file start_18.tsv (TSV, C-alpha atoms)
chain	number	residue	atom	x	y	z
A	1	MET	CA	142.66	105.09	116.02
A	2	PRO	CA	143.01	104.91	112.29
A	3	SER	CA	146.55	104.41	111.17
A	4	THR	CA	146.67	107.43	108.94
A	5	PRO	CA	150.03	107.88	107.26
A	6	SER	CA	150.03	111.57	108.05
A	7	ALA	CA	149.05	111.11	111.66
A	8	THR	CA	151.40	112.51	114.21
A	9	ALA	CA	151.20	112.73	117.97
A	10	ALA	CA	147.46	112.49	117.80
A	11	ASP	CA	147.88	108.89	116.73
A	12	ALA	CA	148.38	107.91	120.33
A	13	PRO	CA	145.33	106.55	122.11
A	14	SER	CA	143.22	109.22	123.67
A	15	SER	CA	143.34	109.15	127.43
A	16	ALA	CA	139.57	109.40	127.32
A	17	ASP	CA	139.33	106.26	125.26
A	18	PRO	CA	140.81	103.21	126.93
A	19	ASP	CA	139.27	101.04	124.24
A	20	ALA	CA	141.56	102.46	121.58
A	21	HIS	CA	143.82	99.97	119.78
A	22	LEU	CA	141.79	96.88	120.61
A	23	ASN	CA	142.43	93.98	118.28
A	24	PRO	CA	139.46	92.96	116.10
A	25	SER	CA	138.55	89.91	118.17
A	26	ALA	CA	138.52	91.85	121.44
A	27	ALA	CA	136.62	94.71	119.83
A	28	ARG	CA	134.01	92.32	118.44
A	29	ARG	CA	133.56	90.66	121.84
A	30	ARG	CA	133.03	94.09	123.33
A	31	MET	CA	130.51	94.85	120.61
A	32	ILE	CA	128.60	91.64	121.32
A	33	VAL	CA	128.28	92.59	124.98
A	34	ASP	CA	127.08	96.05	123.96
A	35	ALA	CA	124.55	94.44	121.62
A	36	LEU	CA	122.93	92.12	124.19
A	37	GLY	CA	120.32	94.58	125.32
A	38	MET	CA	119.53	95.49	121.73
A	39	VAL	CA	119.08	91.83	120.83
A	40	VAL	CA	116.49	91.48	123.60
A	41	SER	CA	114.76	94.66	122.45
A	42	ALA	CA	114.81	93.69	118.76
A	43	SER	CA	113.42	90.27	119.66
A	44	ALA	CA	110.61	91.66	121.79
A	45	PHE	CA	109.55	94.26	119.28
A	46	GLY	CA	110.04	91.81	116.43
A	47	LEU	CA	107.50	89.62	118.18
A	48	VAL	CA	105.09	92.52	118.49
A	49	TYR	CA	105.62	93.45	114.83
A	50	GLY	CA	104.76	89.91	113.76
A	51	LEU	CA	101.59	90.00	115.81
A	52	ALA	CA	100.67	93.46	114.54
A	53	ALA	CA	101.20	92.36	110.97
A	54	ARG	CA	98.89	89.40	111.45
A	55	GLN	CA	96.25	91.59	113.09
A	56	GLY	CA	96.68	94.09	110.25
A	57	GLY	CA	95.78	91.43	107.73
A	58	LEU	CA	99.20	90.85	106.18
A	59	SER	CA	100.11	87.35	105.07
A	60	ILE	CA	103.27	85.88	106.55
A	61	VAL	CA	105.08	86.39	103.23
A	62	GLU	CA	104.04	90.04	103.09
A	63	MET	CA	105.11	90.51	106.70
A	64	LEU	CA	108.53	88.98	106.04
A	65	ALA	CA	108.90	90.89	102.77
A	66	MET	CA	108.64	94.12	104.79
A	67	SER	CA	111.42	92.95	107.09
A	68	VAL	CA	113.63	91.77	104.26
A	69	PHE	CA	113.22	94.72	101.91
A	70	VAL	CA	112.59	97.63	104.28
A	71	LEU	CA	114.37	96.49	107.44
A	72	ALA	CA	113.38	99.53	109.48
A	73	GLY	CA	111.10	98.88	112.45
A	74	ALA	CA	109.49	102.31	112.74
A	75	ALA	CA	108.62	102.44	109.05
A	76	GLN	CA	107.28	98.88	109.16
A	77	PHE	CA	105.04	99.55	112.15
A	78	ALA	CA	103.82	102.78	110.57
A	79	ALA	CA	103.11	101.01	107.29
A	80	ILE	CA	100.91	98.41	108.97
A	81	GLY	CA	98.87	101.14	110.62
A	82	LEU	CA	98.49	102.99	107.33
A	83	ILE	CA	97.63	99.87	105.36
A	84	THR	CA	94.85	98.98	107.77
A	85	GLN	CA	93.48	102.51	107.41
A	86	GLY	CA	93.48	102.23	103.63
A	87	VAL	CA	96.01	105.00	103.09
A	88	PRO	CA	97.26	105.15	99.45
A	89	TRP	CA	100.61	103.53	98.71
A	90	LEU	CA	102.13	106.82	97.57
A	91	ALA	CA	101.55	108.34	101.00
A	92	ILE	CA	103.04	105.25	102.66
A	93	LEU	CA	106.11	105.52	100.44
A	94	LEU	CA	106.56	109.21	101.22
A	95	LEU	CA	106.30	108.55	104.94
A	96	THR	CA	108.75	105.66	104.63
A	97	ALA	CA	111.28	107.87	102.87
A	98	LEU	CA	110.88	110.53	105.53
A	99	LEU	CA	111.14	108.10	108.44
A	100	ASN	CA	114.23	106.50	106.97
A	101	ALA	CA	116.01	109.66	105.85
A	102	ARG	CA	118.22	109.46	108.95
A	103	HIS	CA	120.04	106.54	107.34
A	104	LEU	CA	121.63	109.08	105.02
A	105	LEU	CA	123.59	110.39	107.98
A	106	TYR	CA	124.65	106.91	109.11
A	107	SER	CA	125.80	106.12	105.63
A	108	ALA	CA	127.73	109.38	105.36
A	109	ALA	CA	129.43	108.77	108.70
A	110	LEU	CA	130.53	105.26	107.71
A	111	ALA	CA	131.49	106.16	104.14
A	112	PRO	CA	135.04	107.35	104.86
A	113	TRP	CA	135.74	104.14	106.78
A	114	LEU	CA	134.49	101.96	103.95
A	115	ALA	CA	135.99	103.98	101.06
A	116	GLY	CA	138.45	101.41	99.66
A	117	ARG	CA	136.11	98.43	99.79
A	118	ARG	CA	134.59	96.86	96.73
A	119	ARG	CA	131.50	98.65	95.48
A	120	LEU	CA	129.38	95.50	95.54
A	121	GLN	CA	130.43	94.82	99.10
A	122	ARG	CA	129.50	98.36	100.14
A	123	ALA	CA	126.19	98.09	98.30
A	124	ALA	CA	125.32	94.93	100.22
A	125	MET	CA	126.46	96.42	103.54
A	126	ALA	CA	124.23	99.44	102.94
A	127	HIS	CA	121.08	97.33	102.90
A	128	VAL	CA	121.52	96.20	106.51
A	129	LEU	CA	122.47	99.67	107.78
A	130	THR	CA	119.97	100.00	110.62
A	131	ASP	CA	120.08	102.27	113.68
A	132	GLU	CA	121.53	99.45	115.73
A	133	ALA	CA	124.00	98.27	113.10
A	134	PHE	CA	125.33	101.81	112.85
A	135	GLY	CA	125.44	102.21	116.62
A	136	LEU	CA	127.43	99.00	116.97
A	137	ALA	CA	129.66	99.29	113.90
A	138	LEU	CA	130.94	102.85	114.33
A	139	PRO	CA	132.42	102.26	117.84
A	140	LEU	CA	133.80	98.94	116.56
A	141	PHE	CA	135.63	100.69	113.73
A	142	GLN	CA	136.90	103.33	116.11
A	143	ARG	CA	138.13	100.77	118.62
A	144	ILE	CA	140.03	98.86	115.96
A	145	GLY	CA	141.12	101.96	114.08
A	146	ARG	CA	139.84	100.87	110.70
A	147	ALA	CA	136.80	99.32	109.04
A	148	ASP	CA	136.01	95.75	110.06
A	149	VAL	CA	133.74	94.19	107.46
A	150	PRO	CA	133.18	90.85	109.24
A	151	GLY	CA	132.47	92.81	112.40
A	152	TYR	CA	129.95	94.94	110.54
A	153	TRP	CA	128.09	91.87	109.29
A	154	LEU	CA	128.20	90.44	112.79
A	155	ALA	CA	126.68	93.66	114.15
A	156	ALA	CA	123.93	93.60	111.54
A	157	SER	CA	123.23	89.90	112.07
A	158	LEU	CA	122.95	90.32	115.82
A	159	ILE	CA	119.94	92.56	115.24
A	160	VAL	CA	118.44	91.41	111.95
A	161	LEU	CA	118.30	87.66	112.61
A	162	PRO	CA	116.52	87.84	116.00
A	163	TRP	CA	114.19	90.51	114.56
A	164	MET	CA	113.13	88.31	111.66
A	165	ALA	CA	112.95	85.10	113.67
A	166	MET	CA	110.72	86.76	116.22
A	167	ASN	CA	108.57	88.25	113.46
A	168	VAL	CA	107.62	84.70	112.57
A	169	VAL	CA	107.12	83.66	116.19
A	170	GLY	CA	104.92	86.70	116.79
A	171	TYR	CA	102.95	86.08	113.63
A	172	VAL	CA	102.36	82.41	114.34
A	173	GLY	CA	101.76	82.47	118.06
A	174	GLY	CA	102.10	85.92	119.49
A	175	GLN	CA	98.59	86.34	120.85
A	176	GLY	CA	99.60	85.66	124.44
A	177	ILE	CA	102.69	87.86	124.61
A	178	PRO	CA	102.83	90.64	127.18
A	179	ASP	CA	103.34	94.23	126.07
A	180	PRO	CA	107.13	94.82	125.97
A	181	ALA	CA	106.52	98.28	127.42
A	182	ARG	CA	105.19	96.68	130.61
A	183	LEU	CA	108.61	95.09	131.07
A	184	GLY	CA	110.39	98.37	130.40
A	185	LEU	CA	111.76	97.10	127.09
A	186	ASP	CA	110.62	100.22	125.25
A	187	VAL	CA	113.45	102.08	126.95
A	188	VAL	CA	116.13	99.71	125.62
A	189	PHE	CA	116.41	101.45	122.27
A	190	PRO	CA	116.90	105.03	123.53
A	191	ALA	CA	119.14	103.79	126.36
A	192	ALA	CA	121.27	101.85	123.88
A	193	MET	CA	121.55	104.74	121.43
A	194	ALA	CA	122.37	107.18	124.24
A	195	GLY	CA	124.91	104.79	125.74
A	196	ILE	CA	126.66	104.31	122.42
A	197	ALA	CA	126.67	108.08	121.83
A	198	VAL	CA	128.34	108.49	125.24
A	199	GLY	CA	130.98	106.00	124.16
A	200	LEU	CA	131.69	108.11	121.08
A	201	VAL	CA	132.22	111.27	123.11
A	202	THR	CA	135.96	111.69	123.55
A	203	GLY	CA	136.15	115.47	123.65
A	204	ARG	CA	134.19	118.69	123.74
A	205	ARG	CA	133.50	118.62	120.03
A	206	GLU	CA	131.69	115.28	120.24
A	207	LEU	CA	129.94	116.37	123.43
A	208	THR	CA	128.72	119.54	121.74
A	209	ALA	CA	127.57	117.58	118.70
A	210	ALA	CA	125.62	115.19	120.92
A	211	VAL	CA	124.03	117.78	123.20
A	212	VAL	CA	123.10	120.19	120.40
A	213	GLY	CA	121.95	117.31	118.22
A	214	ALA	CA	119.64	116.07	120.96
A	215	ALA	CA	118.29	119.53	121.76
A	216	VAL	CA	117.64	120.46	118.13
A	217	ALA	CA	116.08	117.08	117.45
A	218	VAL	CA	113.59	117.36	120.31
A	219	GLY	CA	112.70	120.96	119.46
A	220	VAL	CA	112.11	120.24	115.80
A	221	ALA	CA	110.35	116.96	116.54
A	222	VAL	CA	107.78	118.67	118.75
A	223	VAL	CA	107.15	121.49	116.30
A	224	LEU	CA	107.24	119.51	113.07
A	225	GLU	CA	107.73	115.75	113.04
A	226	PRO	CA	109.93	113.30	114.99
A	227	ALA	CA	111.62	111.98	111.87
A	228	VAL	CA	112.44	115.54	110.74
A	229	GLY	CA	113.78	116.29	114.22
A	230	ILE	CA	116.20	113.36	114.12
A	231	VAL	CA	117.58	114.44	110.76
A	232	ALA	CA	117.81	118.09	111.85
A	233	GLY	CA	119.61	117.14	115.06
A	234	GLY	CA	121.92	114.80	113.20
A	235	LEU	CA	122.81	117.57	110.74
A	236	LEU	CA	123.09	120.56	113.08
A	237	GLY	CA	124.68	118.85	116.09
A	238	PRO	CA	127.92	118.05	114.26
A	239	LEU	CA	127.91	121.56	112.80
A	240	ALA	CA	127.82	122.96	116.34
A	241	GLY	CA	130.62	120.57	117.26
A	242	LEU	CA	132.77	122.01	114.51
A	243	LEU	CA	132.38	125.46	116.06
A	244	VAL	CA	134.24	124.32	119.18
A	245	PRO	CA	137.87	125.31	118.65
A	246	ALA	CA	139.94	122.22	117.97
A	247	ARG	CA	142.82	123.19	120.23
A	248	ALA	CA	140.59	124.00	123.17
A	249	ALA	CA	138.45	120.97	122.59
A	250	GLY	CA	141.07	118.50	123.65
A	251	ASP	CA	139.82	116.16	120.99
A	252	ALA	CA	142.20	113.46	119.99
A	253	GLY	CA	141.16	113.83	116.43
A	254	ALA	CA	140.12	117.39	116.08
A	255	ALA	CA	139.95	119.15	112.85
A	256	ALA	CA	143.53	119.55	111.82
A	257	ALA	CA	144.46	117.90	108.59
A	258	GLY	CA	145.87	114.47	109.14
A	259	SER	CA	144.01	114.09	112.36
A	260	ALA	CA	144.32	110.56	113.68
A	261	ASP	CA	140.61	110.20	114.30
A	262	GLN	CA	139.92	110.75	110.66
A	263	PRO	CA	139.07	107.46	109.11
A	264	SER	CA	141.40	106.86	106.23
A	265	PRO	CA	141.25	104.38	103.42
A	266	HIS	CA	145.03	104.28	103.55
A	267	GLY	CA	144.82	102.75	106.98
A	268	ASP	CA	142.23	100.20	105.93
A	269	ASP	CA	143.88	96.97	104.99
A	270	PRO	CA	141.09	94.58	104.03
A	271	GLN	CA	143.29	91.58	104.68
A	272	VAL	CA	143.78	92.58	108.30
A	273	GLY	CA	140.05	93.00	108.74
A	274	LEU	CA	139.21	89.69	107.17
A	275	ALA	CA	141.87	87.90	109.15
A	276	GLY	CA	140.14	89.31	112.23
B	1	MET	CA	97.87	83.59	100.70
B	2	SER	CA	97.96	87.25	99.72
B	3	LEU	CA	101.09	88.59	98.08
B	4	ASP	CA	99.72	92.01	97.10
B	5	LEU	CA	101.74	93.88	99.68
B	6	VAL	CA	105.03	92.31	98.64
B	7	ALA	CA	105.12	94.92	95.89
B	8	LEU	CA	104.57	97.65	98.47
B	9	ALA	CA	107.40	96.20	100.59
B	10	LEU	CA	109.66	96.27	97.53
B	11	LEU	CA	108.77	99.90	96.83
B	12	MET	CA	109.32	100.82	100.48
B	13	GLY	CA	112.72	99.17	100.25
B	14	ALA	CA	113.39	101.08	97.03
B	15	VAL	CA	112.73	104.46	98.67
B	16	THR	CA	114.79	103.50	101.73
B	17	TYR	CA	117.85	102.06	100.03
B	18	PRO	CA	119.19	105.29	98.49
B	19	SER	CA	119.46	106.95	101.89
B	20	ARG	CA	121.42	103.95	103.12
B	21	ALA	CA	123.63	103.54	100.10
B	22	LEU	CA	124.29	106.83	98.33
B	23	PRO	CA	126.98	108.23	100.65
B	24	ILE	CA	128.62	104.83	101.09
B	25	LEU	CA	128.76	104.35	97.33
B	26	ALA	CA	129.73	107.91	96.48
B	27	PRO	CA	133.16	107.92	94.84
B	28	GLY	CA	135.97	109.94	96.36
B	29	ILE	CA	134.40	110.51	99.77
B	30	GLU	CA	137.78	109.81	101.36
B	31	ARG	CA	139.16	112.78	99.46
B	32	LEU	CA	136.80	115.26	101.10
B	33	PRO	CA	138.42	118.24	102.82
B	34	PRO	CA	139.52	117.56	106.44
B	35	ARG	CA	136.77	119.86	107.71
B	36	ALA	CA	134.12	117.77	105.96
B	37	LEU	CA	135.62	114.53	107.28
B	38	GLU	CA	135.66	115.98	110.77
B	39	TYR	CA	131.99	116.86	110.35
B	40	LEU	CA	131.22	113.27	109.35
B	41	ARG	CA	133.14	112.03	112.38
B	42	LEU	CA	130.83	114.11	114.59
B	43	VAL	CA	127.68	112.78	112.91
B	44	GLY	CA	127.88	109.60	115.00
B	45	PRO	CA	127.43	111.18	118.44
B	46	GLY	CA	125.12	113.85	117.00
B	47	VAL	CA	122.62	111.59	115.28
B	48	LEU	CA	122.62	108.87	117.95
B	49	ALA	CA	121.96	111.45	120.67
B	50	ALA	CA	119.21	112.94	118.49
B	51	LEU	CA	117.64	109.53	117.99
B	52	ALA	CA	117.79	108.71	121.69
B	53	ALA	CA	116.39	112.08	122.74
B	54	VAL	CA	113.45	111.99	120.34
B	55	SER	CA	112.71	108.36	121.24
B	56	VAL	CA	112.48	109.14	124.92
B	57	LEU	CA	111.22	112.73	125.04
B	58	VAL	CA	108.72	113.02	122.20
B	59	VAL	CA	105.47	111.09	122.22
B	60	ARG	CA	102.58	110.97	119.83
B	61	GLU	CA	99.26	109.54	120.92
B	62	GLY	CA	97.35	108.22	117.96
B	63	GLY	CA	97.23	110.81	115.23
B	64	ALA	CA	97.80	113.74	117.57
B	65	ALA	CA	100.63	116.22	117.21
B	66	PRO	CA	103.94	115.24	118.83
B	67	THR	CA	104.38	116.49	122.38
B	68	LEU	CA	107.22	116.78	124.85
B	69	HIS	CA	107.06	114.10	127.52
B	70	ILE	CA	109.44	114.10	130.48
B	71	GLY	CA	108.79	110.95	132.45
B	72	ILE	CA	110.49	108.01	134.08
B	73	GLU	CA	111.84	106.92	130.69
B	74	PHE	CA	113.96	110.07	130.47
B	75	ALA	CA	115.21	109.65	134.03
B	76	ALA	CA	116.01	106.01	133.30
B	77	VAL	CA	118.01	106.88	130.18
B	78	LEU	CA	119.92	109.53	132.14
B	79	ALA	CA	120.68	106.91	134.79
B	80	GLY	CA	121.79	104.55	132.04
B	81	ILE	CA	124.07	107.23	130.60
B	82	ALA	CA	125.64	107.75	134.02
B	83	VAL	CA	126.27	104.02	134.35
B	84	VAL	CA	127.78	103.81	130.87
B	85	ARG	CA	130.02	106.76	131.68
B	86	TRP	CA	131.02	105.20	135.00
B	87	ARG	CA	131.43	101.54	134.04
B	88	ARG	CA	132.02	101.96	130.29
B	89	ASN	CA	129.51	99.21	129.69
B	90	VAL	CA	126.50	99.89	127.45
B	91	PHE	CA	124.71	96.69	128.41
B	92	LEU	CA	124.87	97.57	132.09
B	93	GLY	CA	123.49	101.03	131.33
B	94	ILE	CA	120.59	99.52	129.37
B	95	ALA	CA	119.88	97.06	132.18
B	96	VAL	CA	119.73	99.82	134.76
B	97	ALA	CA	117.36	101.85	132.58
B	98	VAL	CA	115.05	98.90	131.94
B	99	ILE	CA	114.92	97.82	135.59
B	100	LEU	CA	114.19	101.37	136.69
B	101	VAL	CA	111.32	101.78	134.23
B	102	ALA	CA	109.89	98.33	134.93
B	103	LEU	CA	110.00	98.94	138.69
B	104	VAL	CA	108.32	102.33	138.50
B	105	ARG	CA	105.62	101.03	136.15
B	106	ALA	CA	105.01	98.08	138.45
B	107	ILE	CA	104.69	100.34	141.48
B	108	ALA	CA	102.72	103.11	139.81
B	109	PRO	CA	101.08	101.90	136.58
B	110	ALA	CA	100.03	104.69	134.24

call {"tool": "encode", "arguments": {"input": "start_18.tsv", "output": "structure tokens"}}
result
Amino acid sequence: MPSTPSATAADAPSSADPDAHLNPSAARRRMIVDALGMVVSASAFGLVYGLAARQGGLSIVEMLAMSVFVLAGAAQFAAIGLITQGVPWLAILLLTALLNARHLLYSAALAPWLAGRRRLQRAAMAHVLTDEAFGLALPLFQRIGRADVPGYWLAASLIVLPWMAMNVVGYVGGQGIPDPARLGLDVVFPAAMAGIAVGLVTGRRELTAAVVGAAVAVGVAVVLEPAVGIVAGGLLGPLAGLLVPARAAGDAGAAAAGSADQPSPHGDDPQVGLAG
Amino acid sequence: MSLDLVALALLMGAVTYPSRALPILAPGIERLPPRALEYLRLVGPGVLAALAAVSVLVVREGGAAPTLHIGIEFAAVLAGIAVVRWRRNVFLGIAVAVILVALVRAIAPA
């Protein structure tokens, strides 16, 4: 729980959240355990990406440049397919922007936690804001009750480093690798995201946001485009959550001003975070 | 060694970065009204559930239109969710989902 100066009784740990008030070290250990499956998944698909890039005719520098500058698996895979089909760069860029628009929501959700940090630090943190980094960092912040910058970089590194390392392995010698889907690894990503979402549900408001977000996302994805569905679900789910009355919701941090679940820059002492 | 596509990678990064950075870098976001902050707090469960649901329920074969697909992957993710809820351990939930899918695919390949 964030240590908001104006917090009152809601500052107590929610009974639905036994992880509340973990110290940074314990919270980071918990995050590492949560990340294990994602590390395996990122490694496996990183391998496949490296192989796909080679088969698509990219040089190893071009392949790594995609991972360094774009750092978004879906957009990178899509780009390889489009490049091999000779699609114009402008179309690739438009698709990339669409596929990655969901990051806007991650960034907005983390922004209140990071509001007191140096601008340059936030700018650097933004570059490694992937699905997995968000999914690991947000529960970490909530468990500690404030932003944890070293923990954020740890979360990002746990995914980015294996991804890039396995890109190279896949590029250099990935011809003999089995299809990760045959091993069931394609389900790691949705299972991880769903599991982390479950961990964030501490009341009816969050539950409503998650259920409506998922339903809207699937509906819109089928009718329009998966990337549009994710953004629509991410926008409308929380809106539906807000419609659940705060008092009836039983949420530890429901909407009242000064709610303890509201991240607050006043509760963010960088020195505490860095001391970890 | 070709470096032509490095420029494309840079441009792809350039169109991606604003969505990652703009809200984080926006000044005064901590001074938003409580209702707006509460909305942002709910974005986490909302967008992660949306991402998971689309990843597991929507498929696109080649260039075809996206379609709804309810298969073993969905059942496995539901089982994983139940395990996470029960044991409060995301890794265990992922492991259950993966084992379930791998087993079913081994027994009845598509």

call {"tool": "atom_distance", "arguments": {"input": "start_18.tsv", "atom1": "CA of Ala101 in chain A", "atom2": "CA of Val128 in chain A"}}
result
14.6 Å

call {"tool": "residues_near_point", "arguments": {"input": "start_18.tsv", "point": "(109.8, 109.9, 123.8)", "cutoff": "10 Å", "atoms": "only C-alpha atoms", "output": "PyMOL selection string"}}
result
(chain A and resi 186-187+190+218+226) or (chain B and resi 51-60+66-71+73-74)

call {"tool": "residues_around", "arguments": {"input": "start_18.tsv", "residues": "Val84 in chain B", "least_positions_apart": "3", "cutoff": "10 Å", "atoms": "all atoms listed in the file", "output": "CSV table (one decimal) with C-alpha atoms, in the coordinates of the input"}}
result
chain,number,residue,atom,x,y,z
A,191,ALA,CA,119.1,103.8,126.4
A,192,ALA,CA,121.3,101.8,123.9
A,194,ALA,CA,122.4,107.2,124.2
A,195,GLY,CA,124.9,104.8,125.7
A,196,ILE,CA,126.7,104.3,122.4
A,198,VAL,CA,128.3,108.5,125.2
A,199,GLY,CA,131.0,106.0,124.2
B,78,LEU,CA,119.9,109.5,132.1
B,79,ALA,CA,120.7,106.9,134.8
B,80,GLY,CA,121.8,104.6,132.0
B,81,ILE,CA,124.1,107.2,130.6
B,87,ARG,CA,131.4,101.5,134.0
B,88,ARG,CA,132.0,102.0,130.3
B,89,ASN,CA,129.5,99.2,129.7
B,90,VAL,CA,126.5,99.9,127.4
B,91,PHE,CA,124.7,96.7,128.4
B,92,LEU,CA,124.9,97.6,132.1
B,93,GLY,CA,123.5,101.0,131.3
B,94,ILE,CA,120.6,99.5,129.4
B,96,VAL,CA,119.7,99.8,134.8

call {"tool": "closest_residue", "arguments": {"input": "start_18.tsv", "among": "A:Asn100, A:Thr202, A:Ser59, A:Gln76", "to": "Arg20 in chain B", "atoms": "only C-alpha atoms"}}
result
A:Asn100

call {"tool": "closest_residue", "arguments": {"input": "start_18.tsv", "among": "B:Ala36, B:Ala76, B:Ala9, B:Val83", "to": "chain A", "atoms": "all atoms listed in the file"}}
result
B:Ala9

call {"tool": "closest_residue", "arguments": {"input": "start_18.tsv", "among": "A:Tyr106, A:Phe141, A:Trp163, A:Trp153", "to": "chain B", "atoms": "all atoms listed in the file"}}
result
A:Tyr106

call {"tool": "residues_around", "arguments": {"input": "start_18.tsv", "residues": "Ile92 in chain A", "least_positions_apart": "6", "cutoff": "12 Å", "atoms": "all atoms listed in the file", "output": "ChimeraX atom specification"}}
result
/A:75-86,98-99 /B:5,8-9,11-13,15-16

call {"tool": "residues_around", "arguments": {"input": "start_18.tsv", "residues": "Ala7 in chain B", "least_positions_apart": "5", "cutoff": "12 Å", "atoms": "all atoms listed in the file", "output": "VMD selection string"}}
result
(chain A and resid 61 to 63 65 to 66 69 to 70 89 93) or (chain B and resid 2 12 to 14)

call {"tool": "atom_distance", "arguments": {"input": "start_18.tsv", "atom1": "CA of Gly233 in chain A", "atom2": "CA of Pro88 in chain A"}}
result
29.8 Å

call {"tool": "closest_residue", "arguments": {"input": "start_18.tsv", "among": "A:Ala123, A:Ser25, A:Ala53, A:Ala108", "to": "Glu38 in chain B", "atoms": "all atoms listed in the file"}}
result
A:Ala108

call {"tool": "closest_residue", "arguments": {"input": "start_18.tsv", "among": "A:Ile144, A:His103, A:Gly237, A:Ala214", "to": "Tyr17 in chain B", "atoms": "only C-alpha atoms"}}
result
A:His103

call {"tool": "decode", "arguments": {"input": "start_18.tsv", "residues": "range 92-109 of chain B", "atoms": "N, CA and C atoms", "output": "short mmCIF file (atom, residue, chain, number, x, y, z; two decimals), in the first residue's frame"}}
result
data_model
loop_
_atom_site.label_atom_id
_atom_site.label_comp_id
_atom_site.auth_asym_id
_atom_site.auth_seq_id
_atom_site.Cartn_x
_atom_site.Cartn_y
_atom_site.Cartn_z
N LEU B 92 3.42 -21.28 -10.77
CA LEU B 92 2.71 -22.57 -10.69
C LEU B 92 1.53 -22.59 -11.67
N GLY B 93 0.82 -21.48 -11.75
CA GLY B 93 -0.30 -21.39 -12.68
C GLY B 93 0.15 -21.55 -14.12
N ILE B 94 1.27 -20.92 -14.45
CA ILE B 94 1.81 -21.04 -15.82
C ILE B 94 2.20 -22.49 -16.08
N ALA B 95 2.85 -23.11 -15.11
CA ALA B 95 3.31 -24.49 -15.29
C ALA B 95 2.14 -25.42 -15.54
N VAL B 96 1.08 -25.25 -14.78
CA VAL B 96 -0.11 -26.09 -14.97
C VAL B 96 -0.68 -25.89 -16.38
N ALA B 97 -0.75 -24.65 -16.81
CA ALA B 97 -1.30 -24.36 -18.15
C ALA B 97 -0.45 -24.99 -19.24
N VAL B 98 0.86 -24.85 -19.12
CA VAL B 98 1.77 -25.40 -20.15
C VAL B 98 1.68 -26.92 -20.19
N ILE B 99 1.71 -27.55 -19.02
CA ILE B 99 1.68 -29.02 -18.97
C ILE B 99 0.37 -29.53 -19.58
N LEU B 100 -0.72 -28.85 -19.25
CA LEU B 100 -2.02 -29.27 -19.77
C LEU B 100 -2.04 -29.20 -21.30
N VAL B 101 -1.58 -28.09 -21.84
CA VAL B 101 -1.58 -27.92 -23.30
C VAL B 101 -0.63 -28.91 -23.97
N ALA B 102 0.56 -29.08 -23.39
CA ALA B 102 1.54 -30.00 -23.98
C ALA B 102 1.00 -31.43 -23.97
N LEU B 103 0.35 -31.81 -22.86
CA LEU B 103 -0.20 -33.16 -22.77
C LEU B 103 -1.28 -33.39 -23.82
N VAL B 104 -2.21 -32.45 -23.89
CA VAL B 104 -3.32 -32.62 -24.84
C VAL B 104 -2.80 -32.65 -26.28
N ARG B 105 -1.84 -31.79 -26.59
CA ARG B 105 -1.29 -31.78 -27.95
C ARG B 105 -0.52 -33.06 -28.26
N ALA B 106 0.10 -33.63 -27.21
CA ALA B 106 0.83 -34.88 -27.43
C ALA B 106 -0.14 -36.03 -27.67
N ILE B 107 -1.26 -36.00 -26.94
CA ILE B 107 -2.24 -37.09 -27.07
C ILE B 107 -3.04 -36.94 -28.35
N ALA B 108 -3.46 -35.71 -28.62
CA ALA B 108 -4.31 -35.47 -29.80
C ALA B 108 -3.75 -34.31 -30.61
N PRO B 109 -2.70 -34.56 -31.40
CA PRO B 109 -2.13 -33.47 -32.20
C PRO B 109 -3.15 -32.89 -33.18
#
